[in-house]
Amino acid sequence: MWWKTAVVYCLDVETFMDWNDDGSGDLPGLAQRLDYLHDLGVTCLWLMPFYPTPDRDDGYDITDFFGVDGRLGSHGDLVEVVRTARDRGIRVIADLVVNHTSDRHPWFKSARASHTSPYRDFYVWRDEPGEEQAPVFPDQEKSVWTYDERAGQYYLHRFYKHQPDLNVTNRAVRDEIAKVIGFWLEVGLSGFRVDAVPFLIETLGVNRVEDALVHDPHEYLRELREFLSRRSGDAVLLGEVNLPPKDQLKFFGGPDGDELTMQFDFITMQRLYLSLAREDATPVIEALLNRPETATAAQWATFVRNHDELTLDKLSDSERQEVFAAFGPEPQMQIYGRGLVRRLPPMLDGDPRRIRMVYSLLFSLPGTPVLFYGEEIGMGENLEAEGRNAVRTPMQWTAGKNAGFSQARKSRLAAPVVTGGFSPEHVNVADQRRDPDSLLSFMKLLIRRYRECPELGWGSFDVLDQPHPSVLAHSCTWDDGCLVAVHNLGPEPRSVPLQLDEDPATARLVNLLGQEDADLDDKGRVELQLEGYDYRWLRVVREGDRRLT
Ligand code: NOJ
């Protein structure tokens with residue numbers, strides 16, 4: 001169950017490292033940077049879509065599920081990446097985007113051309129617009145149904161109109177999706193980040209009421225997981241499911257755990273930003289305590305930022321406005337009325353204490369942490385870029401030309417490099433690698449400690465009583481390990497008293513991130529002195545404990 005304690009790193013090959021200097025990142029460039037990722041401590045690479053694409057949704061619009069986009073390299077180059085990663089102990093997963101295809105996919109071209117096409121029923125057609133649902137990108141689309149002149153019918157698309165939804169009630173579609181999964185597992189992938197899972201399994205607009213999936217769409221997720229596990233026993237499905245906790249439990253397959261292996265914890269992420277805005281730990285504590293109990297093998301994927309907008313859709317209107325006011329007050333920082341296009345460090349005014357405190361908290365939460373490329377060095381965003389592209393800028397390797405990402409002419413780059421206070425001159429890997437006090441060095445330490453503390457991936461979570469609303473004190477316990485973590489979300493220094501259920505005669509607390517240990521008094525109490533935005537990780541060491549500290 002490697003995923004229970006993995007460190008996942010998400011990247012887009014196109015913006016990571018350009019080895020042939022044509023302006024687009026590529027697979028040979030990524031292969032050259034696997035040692036960097038290994039040194040960072042990453043154990044699982046999540047590759048964003050690398051398939052052939054007209055690129056109208058950053059590769060999430062696919063024309064061939066079995067292909068590799070020629071701009072990024074070949075199948076051979078991908079195999080080199082997977083093989084080299086494996087040598088460094090890094091698994092590779094990739095986006096599985098099968099809720100929809102590009103409208104230029106051969107299936108859709110055939111489907112729209114004729115009623116009798118074998119691919120017609122691969123998509124969802126209606127003579128009149130079907131049931132209306134909110135489009136995911138409300139700035140671009142007004143309906144999820146679009147009339148197609150050639151087809152003479154309306155088709156369903158939950159996302160952009162150039163992304164027609166596949167009809168998973170059609171057995172032939174499910175067989176094709178299984179083939180896609182089987183293909184990439186044979187290439188050596190360890191599973192998939194599954195795009196838009198609730199939309200994938202929904203049967204909106206499908207008329208066949210007798211179809212079992214119309215009655216229970218989760219039947220299909222069980223089928224997918226069963227197939228995956230049959231082909232590869234330790235492969236994972238890491239699902240994008242931004243729903244309330246009780247629905248997320250269903251997507252894990254409830255107590256049976258026979259659907260998604262992992263899910264992103266969108267709720268904790270959103271409530272973390274509310275906590276940061278309020279300098280009050282209560283919202284994030286509530287989210288963590290509200291997580292439903294899952295099957296042993298299931299896992300939460302924790303994160304503070306991903307490649308999309310920082311969605312705040314599960315906050316109330318007034319809570320969302322609080323976060324907007326604190327971290328993205330300008331209209332160009334906001335998107336879709338529900339999210340922010342910024343990265344974390346600029347939102348925190350580049351304050352190293354706050355940035356480190358947030359990542360310390362992320363790595364100390366129960367679950368499996370997921371980083372988006374560039375977070376480890378504190379990259380900022382490009383607010384000039386269109387919408388979500390603000391955070392999809394080239395990786396900043398050096399202070400030199402094009403951030404060391406590519407030697408191509410600036411005008412040929414896949415995306416412009418960030419300028420201003422977070423430009424490569426100020427934020428880059430080369431400088432931070434040599435600096436023991438850099439954010440990169442701190443992230444390496446956090447990752448090392450996370451990996452040394454399996455209780456974070458496996459253990460039970462408890463909030464520890466203490467008097468300050470700005471402080472989150474918690475413990476994770478599993479087997480013979482117990483970690484106590486304390487984070488101060490506010491600017492004021494706090495003296496934090498904790499009562500631990502330990503025998504002071506035989507237990508002590510070892511500081512895992514710094515030098516100063518903490519002493520339990522004869523009643524098992526400890527008083528920690530935290531500066532503003534300070535943090536502690538303390539390992540409880542009991543007599544006879546043989547773990548290396
Ligand atoms: C979710 C992905 O994260 C997003 O980037 C994409 O635009 C949509 N799904 C559509 O595939």
# chains A, B, ... in the order shown; residues from 1 in each chain; ligands from 1
>>> closest_atom_pairs(of="range 218-296 of chain A", to="range 487-507 of chain A", cutoff="8 Å", atoms="only C-alpha atoms", output="CSV")
residue,atom,partner,partner_atom,distance
A:Ser275,CA,A:Leu489,CA,7.7
A:Leu276,CA,A:Leu489,CA,6.4
A:Glu279,CA,A:Gly490,CA,4.9
A:Asp280,CA,A:Leu489,CA,6.6
A:Ala281,CA,A:Leu489,CA,6.8
>>> write_last_selection(atoms="N, CA, C and O atoms", output="JSON list (two decimals), in the first residue's frame")
[["chain", "number", "residue", "atom", "x", "y", "z"],
["A", 275, "SER", "N", -9.07, 29.34, 7.32],
["A", 275, "SER", "CA", -8.33, 29.43, 8.58],
["A", 275, "SER", "C", -7.18, 30.42, 8.46],
["A", 275, "SER", "O", -6.92, 31.22, 9.37],
["A", 276, "LEU", "N", -6.47, 30.38, 7.32],
["A", 276, "LEU", "CA", -5.35, 31.30, 7.15],
["A", 276, "LEU", "C", -5.85, 32.74, 7.08],
["A", 276, "LEU", "O", -5.25, 33.65, 7.66],
["A", 279, "GLU", "N", -6.85, 33.62, 10.56],
["A", 279, "GLU", "CA", -5.84, 33.31, 11.59],
["A", 279, "GLU", "C", -6.50, 32.58, 12.75],
["A", 279, "GLU", "O", -6.27, 32.85, 13.92],
["A", 280, "ASP", "N", -7.34, 31.65, 12.37],
["A", 280, "ASP", "CA", -8.11, 30.86, 13.34],
["A", 280, "ASP", "C", -8.18, 29.42, 12.81],
["A", 280, "ASP", "O", -8.65, 29.17, 11.69],
["A", 281, "ALA", "N", -7.68, 28.47, 13.61],
["A", 281, "ALA", "CA", -7.57, 27.09, 13.14],
["A", 281, "ALA", "C", -8.91, 26.36, 13.08],
["A", 281, "ALA", "O", -8.99, 25.26, 12.50]]
>>> closest_atom_pairs(of="chain A", to="ligand 1", cutoff="12 Å", atoms="only C-alpha atoms and all ligand atoms", output="tab-separated table")
residue	atom	partner	partner_atom_place_in_ligand_line	distance
A:Cys10	CA	ligand 1	3 (O)	11.4
A:Asp12	CA	ligand 1	5 (O)	11.1
A:Leu47	CA	ligand 1	3 (O)	12.0
A:Met48	CA	ligand 1	3 (O)	8.9
A:Pro49	CA	ligand 1	5 (O)	9.5
A:Asp55	CA	ligand 1	7 (O)	10.7
A:Arg56	CA	ligand 1	7 (O)	9.3
A:Asp57	CA	ligand 1	7 (O)	5.6
A:Asp58	CA	ligand 1	5 (O)	7.2
A:Gly59	CA	ligand 1	11 (O)	8.3
A:Tyr60	CA	ligand 1	11 (O)	4.6
A:Asp61	CA	ligand 1	11 (O)	6.7
A:Ile62	CA	ligand 1	11 (O)	9.3
A:Asp95	CA	ligand 1	3 (O)	9.0
A:Leu96	CA	ligand 1	11 (O)	9.5
A:Val97	CA	ligand 1	11 (O)	6.3
A:Val98	CA	ligand 1	11 (O)	8.5
A:Asn99	CA	ligand 1	11 (O)	7.5
A:His100	CA	ligand 1	11 (O)	7.4
A:Thr101	CA	ligand 1	11 (O)	8.9
A:Ser102	CA	ligand 1	11 (O)	9.7
A:Pro135	CA	ligand 1	10 (C)	11.1
A:Val136	CA	ligand 1	8 (C)	8.3
A:Phe137	CA	ligand 1	7 (O)	8.5
A:His157	CA	ligand 1	10 (C)	10.0
A:Arg158	CA	ligand 1	10 (C)	8.4
A:Phe159	CA	ligand 1	10 (C)	5.8
A:Tyr160	CA	ligand 1	10 (C)	7.8
A:Lys161	CA	ligand 1	10 (C)	10.9
A:His162	CA	ligand 1	10 (C)	10.6
A:Gln163	CA	ligand 1	11 (O)	7.9
A:Pro164	CA	ligand 1	11 (O)	10.5
A:Asp165	CA	ligand 1	11 (O)	10.1
A:Arg193	CA	ligand 1	3 (O)	9.6
A:Val194	CA	ligand 1	1 (C)	8.9
A:Asp195	CA	ligand 1	1 (C)	5.4
A:Ala196	CA	ligand 1	9 (N)	5.3
A:Val197	CA	ligand 1	9 (N)	9.1
A:Pro198	CA	ligand 1	9 (N)	10.8
A:Phe199	CA	ligand 1	9 (N)	9.5
A:Leu200	CA	ligand 1	9 (N)	10.3
A:Gly239	CA	ligand 1	1 (C)	10.4
A:Glu240	CA	ligand 1	1 (C)	7.5
A:Val241	CA	ligand 1	1 (C)	9.7
A:Asn242	CA	ligand 1	1 (C)	10.3
A:Phe264	CA	ligand 1	3 (O)	11.4
A:Arg305	CA	ligand 1	3 (O)	11.7
A:Asn306	CA	ligand 1	3 (O)	8.2
A:His307	CA	ligand 1	5 (O)	6.6
A:Asp308	CA	ligand 1	5 (O)	5.4
A:Glu309	CA	ligand 1	5 (O)	8.6
A:Leu310	CA	ligand 1	3 (O)	10.9
A:Thr311	CA	ligand 1	3 (O)	11.0
A:Gly387	CA	ligand 1	7 (O)	11.2
A:Arg388	CA	ligand 1	5 (O)	8.3
A:Asn389	CA	ligand 1	5 (O)	9.9
A:Val391	CA	ligand 1	5 (O)	11.6
A:Arg392	CA	ligand 1	5 (O)	10.7
>>> residues_around(residues="Ala301 in chain A", least_positions_apart="3", cutoff="6 Å", atoms="only C-alpha atoms", output="list of chain:residue names")
A:Gln263, A:Phe264, A:Asp265, A:Gly367, A:Thr368, A:Pro369
>>> write_last_selection(atoms="C-alpha atoms", output="JSON list (two decimals), in the first residue's frame")
[["chain", "number", "residue", "atom", "x", "y", "z"],
["A", 263, "GLN", "CA", -9.33, 11.24, -3.26],
["A", 264, "PHE", "CA", -8.12, 14.79, -3.02],
["A", 265, "ASP", "CA", -9.31, 16.44, 0.16],
["A", 367, "GLY", "CA", -2.99, 11.67, 4.46],
["A", 368, "THR", "CA", -0.70, 11.67, 1.44],
["A", 369, "PRO", "CA", 0.66, 15.08, 0.41]]
>>> residues_around(residues="Val417 in chain A", least_positions_apart="6", cutoff="8 Å", atoms="only C-alpha atoms", output="PyMOL selection string")
chain A and resi 382+393-394+402-403+423
>>> residues_around(residues="His218 in chain A", least_positions_apart="4", cutoff="9 Å", atoms="only C-alpha atoms", output="ChimeraX atom specification")
/A:201-202,213,222-223,250-251,253,259
>>> write_last_selection(atoms="N, CA, C and O atoms", output="mmCIF file, in the first residue's frame")
data_model
loop_
_atom_site.group_PDB
_atom_site.id
_atom_site.type_symbol
_atom_site.label_atom_id
_atom_site.label_comp_id
_atom_site.auth_asym_id
_atom_site.auth_seq_id
_atom_site.Cartn_x
_atom_site.Cartn_y
_atom_site.Cartn_z
ATOM 1 N N ILE A 201 -19.033 9.264 -14.127
ATOM 2 C CA ILE A 201 -19.983 8.158 -13.884
ATOM 3 C C ILE A 201 -21.440 8.591 -13.985
ATOM 4 O O ILE A 201 -22.327 7.751 -14.014
ATOM 5 N N GLU A 202 -21.687 9.884 -14.078
ATOM 6 C CA GLU A 202 -23.091 10.317 -14.134
ATOM 7 C C GLU A 202 -23.728 9.860 -15.454
ATOM 8 O O GLU A 202 -23.037 9.637 -16.449
ATOM 9 N N LEU A 213 -26.467 1.092 -14.823
ATOM 10 C CA LEU A 213 -25.676 2.254 -14.413
ATOM 11 C C LEU A 213 -26.549 3.479 -14.164
ATOM 12 O O LEU A 213 -26.193 4.343 -13.371
ATOM 13 N N ARG A 222 -16.909 0.688 -9.456
ATOM 14 C CA ARG A 222 -16.481 -0.610 -8.916
ATOM 15 C C ARG A 222 -15.869 -1.478 -10.023
ATOM 16 O O ARG A 222 -14.855 -2.137 -9.825
ATOM 17 N N GLU A 223 -16.523 -1.411 -11.194
ATOM 18 C CA GLU A 223 -16.041 -2.188 -12.343
ATOM 19 C C GLU A 223 -14.626 -1.720 -12.740
ATOM 20 O O GLU A 223 -13.730 -2.539 -12.983
ATOM 21 N N LYS A 250 -18.885 7.660 -0.536
ATOM 22 C CA LYS A 250 -19.445 6.774 -1.567
ATOM 23 C C LYS A 250 -18.428 6.507 -2.668
ATOM 24 O O LYS A 250 -18.343 5.409 -3.203
ATOM 25 N N PHE A 251 -17.658 7.547 -3.032
ATOM 26 C CA PHE A 251 -16.680 7.382 -4.118
ATOM 27 C C PHE A 251 -15.477 6.537 -3.695
ATOM 28 O O PHE A 251 -14.725 6.064 -4.535
ATOM 29 N N GLY A 253 -16.193 3.869 -2.158
ATOM 30 C CA GLY A 253 -16.849 2.572 -2.076
ATOM 31 C C GLY A 253 -17.279 2.261 -0.653
ATOM 32 O O GLY A 253 -17.364 1.089 -0.266
ATOM 33 N N GLU A 259 -13.943 1.294 -4.624
ATOM 34 C CA GLU A 259 -14.021 2.224 -5.757
ATOM 35 C C GLU A 259 -12.697 2.985 -5.865
ATOM 36 O O GLU A 259 -11.674 2.370 -6.105
#
>>> residues_around(residues="Tyr155 in chain A", least_positions_apart="4", cutoff="8 Å", atoms="only C-alpha atoms", output="ChimeraX atom specification")
/A:123-126,145-148,164-165
>>> residues_around(residues="Arg291 in chain A", least_positions_apart="6", cutoff="12 Å", atoms="only C-alpha atoms", output="compact mmCIF listing (two decimals) with C-alpha atoms, in the first residue's frame")
# COMPACT_ATOMS: atom_id res chain seq x y z
CA LEU A 243 -18.05 16.87 -3.13
CA PRO A 244 -19.21 16.98 0.50
CA PRO A 245 -17.67 14.32 2.79
CA LYS A 246 -20.63 11.93 2.79
CA ASP A 247 -20.57 11.78 -1.01
CA GLN A 248 -16.82 11.32 -1.02
CA LEU A 249 -17.26 8.28 1.17
CA GLN A 263 -9.33 11.24 -3.26
CA PHE A 264 -8.12 14.79 -3.02
CA ASP A 265 -9.31 16.44 0.16
CA PHE A 266 -10.83 19.56 -1.41
CA ILE A 267 -12.79 20.42 1.71
CA THR A 268 -9.78 20.56 4.05
CA VAL A 284 -9.55 23.44 9.17
CA ILE A 285 -10.02 21.48 12.42
CA GLN A 299 -6.38 7.41 1.49
CA TRP A 300 -6.86 11.18 1.44
CA PRO A 366 -3.08 12.73 8.11
CA GLY A 367 -2.99 11.67 4.46
CA SER A 460 -5.46 8.06 13.81
CA PHE A 461 -5.86 11.81 14.15
>>> closest_residue(among="A:Phe363, A:Phe442, A:Phe405, A:Trp478", to="Gly23 in chain A", atoms="only C-alpha atoms")
A:Phe405
>>> closest_residue(among="A:Asp39, A:Asp234, A:Asp317, A:Asp175", to="Phe192 in chain A", atoms="only C-alpha atoms")
A:Asp234
>>> atom_distance(atom1="CA of Asp431 in chain A", atom2="CA of Ala399 in chain A")
8.1 Å
>>> select_by_dssp(residues="range 246-477 of chain A", states="helix (DSSP H, G or I)", output="PyMOL selection string")
chain A and resi 246-251+254-256+266-278+282-290+317-327+331-333+344-347+352-364+375-377+387-391+401-404+410-412+420-422+429-433+439-452+455-458
>>> closest_residue(among="A:Arg208, A:Arg546, A:Arg449, A:Lys314", to="Leu483 in chain A", atoms="only C-alpha atoms")
A:Arg449
>>> select_by_dssp(residues="range 424-510 of chain A", states="strand (DSSP E or B)", output="ChimeraX atom specification")
/A:460-463,471-478,481-488,494-499,507-510
>>> decode(residues="range 339-352 of chain A", atoms="N, CA and C atoms", output="mmCIF file, in the first residue's frame")
data_model
loop_
_atom_site.group_PDB
_atom_site.id
_atom_site.type_symbol
_atom_site.label_atom_id
_atom_site.label_comp_id
_atom_site.auth_asym_id
_atom_site.auth_seq_id
_atom_site.Cartn_x
_atom_site.Cartn_y
_atom_site.Cartn_z
ATOM 1 N N GLY A 339 -13.210 31.040 -7.334
ATOM 2 C CA GLY A 339 -11.827 30.655 -7.034
ATOM 3 C C GLY A 339 -10.811 31.743 -7.279
ATOM 4 N N LEU A 340 -9.558 31.392 -6.964
ATOM 5 C CA LEU A 340 -8.425 32.305 -7.138
ATOM 6 C C LEU A 340 -7.423 31.668 -8.090
ATOM 7 N N VAL A 341 -6.720 32.504 -8.851
ATOM 8 C CA VAL A 341 -5.746 31.962 -9.799
ATOM 9 C C VAL A 341 -4.317 32.107 -9.277
ATOM 10 N N ARG A 342 -4.171 32.407 -8.000
ATOM 11 C CA ARG A 342 -2.847 32.698 -7.460
ATOM 12 C C ARG A 342 -2.171 31.456 -6.873
ATOM 13 N N ARG A 343 -0.857 31.541 -6.731
ATOM 14 C CA ARG A 343 -0.122 30.534 -5.960
ATOM 15 C C ARG A 343 -0.012 31.017 -4.522
ATOM 16 N N LEU A 344 0.364 30.101 -3.634
ATOM 17 C CA LEU A 344 0.366 30.418 -2.203
ATOM 18 C C LEU A 344 1.340 31.546 -1.807
ATOM 19 N N PRO A 345 2.620 31.490 -2.231
ATOM 20 C CA PRO A 345 3.565 32.490 -1.683
ATOM 21 C C PRO A 345 3.152 33.947 -1.936
ATOM 22 N N PRO A 346 2.713 34.321 -3.152
ATOM 23 C CA PRO A 346 2.274 35.720 -3.303
ATOM 24 C C PRO A 346 1.049 36.042 -2.448
ATOM 25 N N MET A 347 0.180 35.050 -2.225
ATOM 26 C CA MET A 347 -0.989 35.312 -1.383
ATOM 27 C C MET A 347 -0.566 35.625 0.050
ATOM 28 N N LEU A 348 0.582 35.064 0.439
ATOM 29 C CA LEU A 348 1.080 35.310 1.799
ATOM 30 C C LEU A 348 2.165 36.392 1.775
ATOM 31 N N ASP A 349 2.134 37.241 0.753
ATOM 32 C CA ASP A 349 3.097 38.343 0.609
ATOM 33 C C ASP A 349 4.538 37.863 0.679
ATOM 34 N N GLY A 350 4.762 36.636 0.274
ATOM 35 C CA GLY A 350 6.130 36.103 0.258
ATOM 36 C C GLY A 350 6.735 35.938 1.650
ATOM 37 N N ASP A 351 5.920 35.988 2.696
ATOM 38 C CA ASP A 351 6.434 35.902 4.073
ATOM 39 C C ASP A 351 6.930 34.470 4.346
ATOM 40 N N PRO A 352 8.254 34.280 4.477
ATOM 41 C CA PRO A 352 8.781 32.907 4.625
ATOM 42 C C PRO A 352 8.235 32.181 5.847
#
